[in-house]
$ cat input.cif   # mmCIF, C-alpha atoms
data_my_file
#
loop_
_atom_site.group_PDB
_atom_site.id
_atom_site.type_symbol
_atom_site.label_atom_id
_atom_site.label_comp_id
_atom_site.auth_asym_id
_atom_site.auth_seq_id
_atom_site.Cartn_x
_atom_site.Cartn_y
_atom_site.Cartn_z
ATOM 1 C CA MET O 1 35.452 -42.616 43.033
ATOM 2 C CA ASP O 2 35.044 -40.601 39.861
ATOM 3 C CA ARG O 3 31.633 -39.977 38.306
ATOM 4 C CA HIS O 4 31.907 -42.527 35.489
ATOM 5 C CA LYS O 5 32.915 -45.352 37.844
ATOM 6 C CA PHE O 6 30.119 -44.402 40.206
ATOM 7 C CA LYS O 7 27.519 -44.480 37.405
ATOM 8 C CA THR O 8 28.799 -47.882 36.262
ATOM 9 C CA TYR O 9 28.717 -49.174 39.837
ATOM 10 C CA ARG O 10 25.103 -48.022 40.289
ATOM 11 C CA ARG O 11 24.057 -49.630 36.983
ATOM 12 C CA GLN O 12 25.680 -52.918 37.991
ATOM 13 C CA ARG O 13 23.788 -52.827 41.295
ATOM 14 C CA ARG O 14 20.511 -52.270 39.423
ATOM 15 C CA HIS O 15 21.427 -55.095 37.054
ATOM 16 C CA ARG O 16 22.008 -57.531 39.927
ATOM 17 C CA ARG O 17 18.676 -56.500 41.436
ATOM 18 C CA VAL O 18 16.854 -57.110 38.134
ATOM 19 C CA ARG O 19 18.614 -60.455 37.620
ATOM 20 C CA ARG O 20 17.158 -61.792 40.844
ATOM 21 C CA SER O 21 13.760 -61.907 39.187
ATOM 22 C CA VAL O 22 14.652 -62.337 35.490
ATOM 23 C CA ALA O 23 16.109 -65.711 34.519
ATOM 24 C CA GLY O 24 16.117 -67.421 31.160
ATOM 25 C CA THR O 25 14.927 -70.987 30.723
ATOM 26 C CA SER O 26 14.999 -73.344 27.769
ATOM 27 C CA ASP O 27 11.386 -72.449 26.967
ATOM 28 C CA ARG O 28 11.837 -68.721 27.419
ATOM 29 C CA PRO O 29 15.464 -67.540 27.317
ATOM 30 C CA ARG O 30 16.683 -64.138 28.458
ATOM 31 C CA LEU O 31 17.403 -61.312 25.993
ATOM 32 C CA THR O 32 20.084 -59.127 27.532
ATOM 33 C CA VAL O 33 21.337 -55.760 26.314
ATOM 34 C CA PHE O 34 24.657 -53.974 26.713
ATOM 35 C CA ARG O 35 25.269 -50.514 25.388
ATOM 36 C CA SER O 36 28.590 -48.776 25.168
ATOM 37 C CA LEU O 37 29.132 -45.211 24.043
ATOM 38 C CA ARG O 38 29.477 -46.198 20.382
ATOM 39 C CA ASN O 39 27.781 -49.588 19.996
ATOM 40 C CA VAL O 40 24.977 -51.775 21.230
ATOM 41 C CA TYR O 41 25.144 -55.527 21.865
ATOM 42 C CA ALA O 42 22.391 -58.090 22.513
ATOM 43 C CA GLN O 43 22.381 -61.784 23.419
ATOM 44 C CA ILE O 44 19.747 -64.416 23.992
ATOM 45 C CA ILE O 45 20.884 -66.626 26.864
ATOM 46 C CA ASP O 46 19.604 -69.903 28.312
ATOM 47 C CA ASP O 47 20.544 -69.609 31.988
ATOM 48 C CA THR O 48 19.733 -73.227 32.854
ATOM 49 C CA ARG O 49 22.444 -74.464 30.483
ATOM 50 C CA GLY O 50 24.604 -71.350 30.779
ATOM 51 C CA MET O 51 24.752 -70.899 27.011
ATOM 52 C CA THR O 52 24.399 -67.989 24.634
ATOM 53 C CA LEU O 53 21.982 -69.125 21.940
ATOM 54 C CA VAL O 54 22.059 -66.090 19.633
ATOM 55 C CA SER O 55 23.873 -62.767 19.597
ATOM 56 C CA ALA O 56 23.995 -59.609 17.505
ATOM 57 C CA SER O 57 25.837 -56.318 17.762
ATOM 58 C CA SER O 58 26.231 -53.094 15.881
ATOM 59 C CA VAL O 59 29.952 -53.841 15.518
ATOM 60 C CA GLU O 60 29.364 -56.966 13.448
ATOM 61 C CA MET O 61 26.576 -55.257 11.480
ATOM 62 C CA VAL O 62 29.023 -52.495 10.451
ATOM 63 C CA ARG O 63 31.685 -55.039 9.470
ATOM 64 C CA ALA O 64 29.159 -56.974 7.372
ATOM 65 C CA GLY O 65 28.040 -53.775 5.657
ATOM 66 C CA ASP O 66 24.448 -54.000 6.927
ATOM 67 C CA LEU O 67 24.812 -50.814 8.951
ATOM 68 C CA GLU O 68 26.728 -47.583 8.450
ATOM 69 C CA ALA O 69 29.313 -46.740 11.106
ATOM 70 C CA VAL O 70 27.626 -43.373 11.584
ATOM 71 C CA ARG O 71 24.365 -45.007 12.691
ATOM 72 C CA ALA O 72 25.866 -47.843 14.734
ATOM 73 C CA GLY O 73 25.468 -46.259 18.160
ATOM 74 C CA ASN O 74 22.141 -44.479 17.825
ATOM 75 C CA ARG O 75 18.497 -45.532 18.006
ATOM 76 C CA GLU O 76 18.316 -46.483 14.330
ATOM 77 C CA GLY O 77 21.301 -48.774 14.710
ATOM 78 C CA ALA O 78 19.842 -50.357 17.828
ATOM 79 C CA ALA O 79 16.587 -51.076 15.986
ATOM 80 C CA VAL O 80 18.513 -52.784 13.166
ATOM 81 C CA VAL O 81 20.406 -54.897 15.714
ATOM 82 C CA GLY O 82 17.094 -55.880 17.353
ATOM 83 C CA GLU O 83 15.608 -56.978 14.036
ATOM 84 C CA ALA O 84 18.747 -58.975 13.160
ATOM 85 C CA LEU O 85 18.678 -60.643 16.576
ATOM 86 C CA ALA O 86 15.017 -61.592 16.108
ATOM 87 C CA ALA O 87 15.746 -63.119 12.704
ATOM 88 C CA ARG O 88 18.613 -65.178 14.122
ATOM 89 C CA ALA O 89 16.466 -66.229 17.086
ATOM 90 C CA LYS O 90 13.712 -67.463 14.767
ATOM 91 C CA ASP O 91 16.286 -69.544 12.890
ATOM 92 C CA ALA O 92 17.382 -71.020 16.237
ATOM 93 C CA GLY O 93 13.771 -71.811 17.169
ATOM 94 C CA VAL O 94 13.332 -69.105 19.804
ATOM 95 C CA VAL O 95 10.050 -67.166 19.726
ATOM 96 C CA GLN O 96 9.453 -66.030 23.320
ATOM 97 C CA VAL O 97 12.051 -64.279 25.485
ATOM 98 C CA ARG O 98 12.335 -62.448 28.792
ATOM 99 C CA PHE O 99 13.784 -58.960 28.402
ATOM 100 C CA ASP O 100 16.712 -58.034 30.640
ATOM 101 C CA ARG O 101 17.547 -54.352 30.327
ATOM 102 C CA SER O 102 20.777 -54.834 32.350
ATOM 103 C CA GLY O 103 20.166 -51.937 34.703
ATOM 104 C CA TYR O 104 19.657 -49.373 31.922
ATOM 105 C CA LYS O 105 16.511 -47.279 31.690
ATOM 106 C CA TYR O 106 13.965 -48.614 29.218
ATOM 107 C CA HIS O 107 14.562 -45.598 27.056
ATOM 108 C CA GLY O 108 16.474 -44.568 23.939
ATOM 109 C CA ARG O 109 18.661 -47.271 22.415
ATOM 110 C CA VAL O 110 17.472 -49.991 24.799
ATOM 111 C CA GLN O 111 13.846 -49.311 23.898
ATOM 112 C CA ALA O 112 14.687 -49.128 20.172
ATOM 113 C CA LEU O 113 16.413 -52.516 20.338
ATOM 114 C CA ALA O 114 13.401 -54.036 22.105
ATOM 115 C CA ASP O 115 11.005 -52.537 19.562
ATOM 116 C CA GLY O 116 13.165 -53.842 16.706
ATOM 117 C CA ALA O 117 13.149 -57.331 18.223
ATOM 118 C CA ARG O 118 9.362 -57.194 18.580
ATOM 119 C CA LYS O 119 9.068 -56.029 14.984
ATOM 120 C CA GLY O 120 11.230 -58.987 13.961
ATOM 121 C CA GLY O 121 8.812 -61.403 15.620
ATOM 122 C CA LEU O 122 10.041 -61.991 19.177
ATOM 123 C CA GLU O 123 7.454 -62.041 21.956
ATOM 124 C CA PHE O 124 8.314 -60.524 25.338
#
$ encode --input "input.cif" --output "structure tokens"
Amino acid sequence: MDRHKFKTYRRQRRHRRVRRSVAGTSDRPRLTVFRSLRNVYAQIIDDTRGMTLVSASSVEMVRAGDLEAVRAGNREGAAVVGEALAARAKDAGVVQVRFDRSGYKYHGRVQALADGARKGGLEF
């Protein structure tokens, strides 16, 4: 198994371990994060209904012109995505969420997205 596949496998194992204790409900849905090498994606999910309530990503922010392609994959871009997600969540009536870091360290872009969501008004 090459190094990249092994790292992905270990992250998925951590993610499954975290998901045992973190579940989204209608009152407090789950905010989940995915980061690729170039972009960052976030969703707010109600696990009881199995529905994505709100989503935001750096890809759509670049296409809309709200974010430069140069900043899409760094901490600044992640913070902008977090703020956009929080604004959309408020419109959908979501104020409190559970944060699911998806097996990533709470560090760098993941932390910046969480801080941006908090700045936008979401409560963790």
$ residues_around --input "input.cif" --residues "range 118-123 of chain O" --least-positions-apart "2" --cutoff "10 Å" --atoms "only C-alpha atoms" --output "mmCIF file with C-alpha atoms, in the frame of the given file"
data_model
loop_
_atom_site.group_PDB
_atom_site.id
_atom_site.type_symbol
_atom_site.label_atom_id
_atom_site.label_comp_id
_atom_site.auth_asym_id
_atom_site.auth_seq_id
_atom_site.Cartn_x
_atom_site.Cartn_y
_atom_site.Cartn_z
ATOM 1 C CA ARG O 28 11.837 -68.721 27.419
ATOM 2 C CA ALA O 79 16.587 -51.076 15.986
ATOM 3 C CA VAL O 80 18.513 -52.784 13.166
ATOM 4 C CA GLY O 82 17.094 -55.880 17.353
ATOM 5 C CA GLU O 83 15.608 -56.978 14.036
ATOM 6 C CA ALA O 84 18.747 -58.975 13.160
ATOM 7 C CA LEU O 85 18.678 -60.643 16.576
ATOM 8 C CA ALA O 86 15.017 -61.592 16.108
ATOM 9 C CA ALA O 87 15.746 -63.119 12.704
ATOM 10 C CA ARG O 88 18.613 -65.178 14.122
ATOM 11 C CA ALA O 89 16.466 -66.229 17.086
ATOM 12 C CA LYS O 90 13.712 -67.463 14.767
ATOM 13 C CA VAL O 94 13.332 -69.105 19.804
ATOM 14 C CA VAL O 95 10.050 -67.166 19.726
ATOM 15 C CA GLN O 96 9.453 -66.030 23.320
ATOM 16 C CA VAL O 97 12.051 -64.279 25.485
ATOM 17 C CA ARG O 98 12.335 -62.448 28.792
ATOM 18 C CA PHE O 99 13.784 -58.960 28.402
ATOM 19 C CA ALA O 112 14.687 -49.128 20.172
ATOM 20 C CA LEU O 113 16.413 -52.516 20.338
ATOM 21 C CA ALA O 114 13.401 -54.036 22.105
ATOM 22 C CA ASP O 115 11.005 -52.537 19.562
ATOM 23 C CA GLY O 116 13.165 -53.842 16.706
#
$ resolve_selection --input "input.cif" --expression "the PyMOL selection byres ((chain O and resi 41) around 9)" --output "list of chain:residue names"
O:Thr32, O:Val33, O:Phe34, O:Arg35, O:Ser36, O:Asn39, O:Val40, O:Ala42, O:Gln43, O:Ser55, O:Ala56, O:Ser57, O:Ser58, O:Val59, O:Ala78, O:Val81
$ closest_residue --input "input.cif" --among "O:Arg101, O:Ala92, O:Gly65, O:Arg16" --to "Leu31 in chain O" --atoms "all atoms listed in the file"
O:Arg101
$ axis_aligned_box --input "input.cif" --around "range 25-40 of chain O" --padding-each-side "4 Å" --output "lines of an AutoDock Vina configuration file"
center_x = 20.4
center_y = -59.3
center_z = 25.4
size_x = 26.1
size_y = 36.1
size_z = 18.7
$ resolve_selection --input "input.cif" --expression "the PyMOL selection byres ((chain O and resi 73) around 6)" --output "list in words"
Arg38, Asn39, Arg71, Ala72, Asn74 and Gly77 of chain O
$ atom_distance --input "input.cif" --atom1 "CA of Ile44 in chain O" --atom2 "CA of Glu76 in chain O"
20.4 Å
$ atom_distance --input "input.cif" --atom1 "CA of Val18 in chain O" --atom2 "CA of Leu53 in chain O"
20.8 Å
$ residues_around --input "input.cif" --residues "Asp47 in chain O" --least-positions-apart "3" --cutoff "6 Å" --atoms "only C-alpha atoms" --output "list in words"
Gly24, Thr25 and Gly50 of chain O
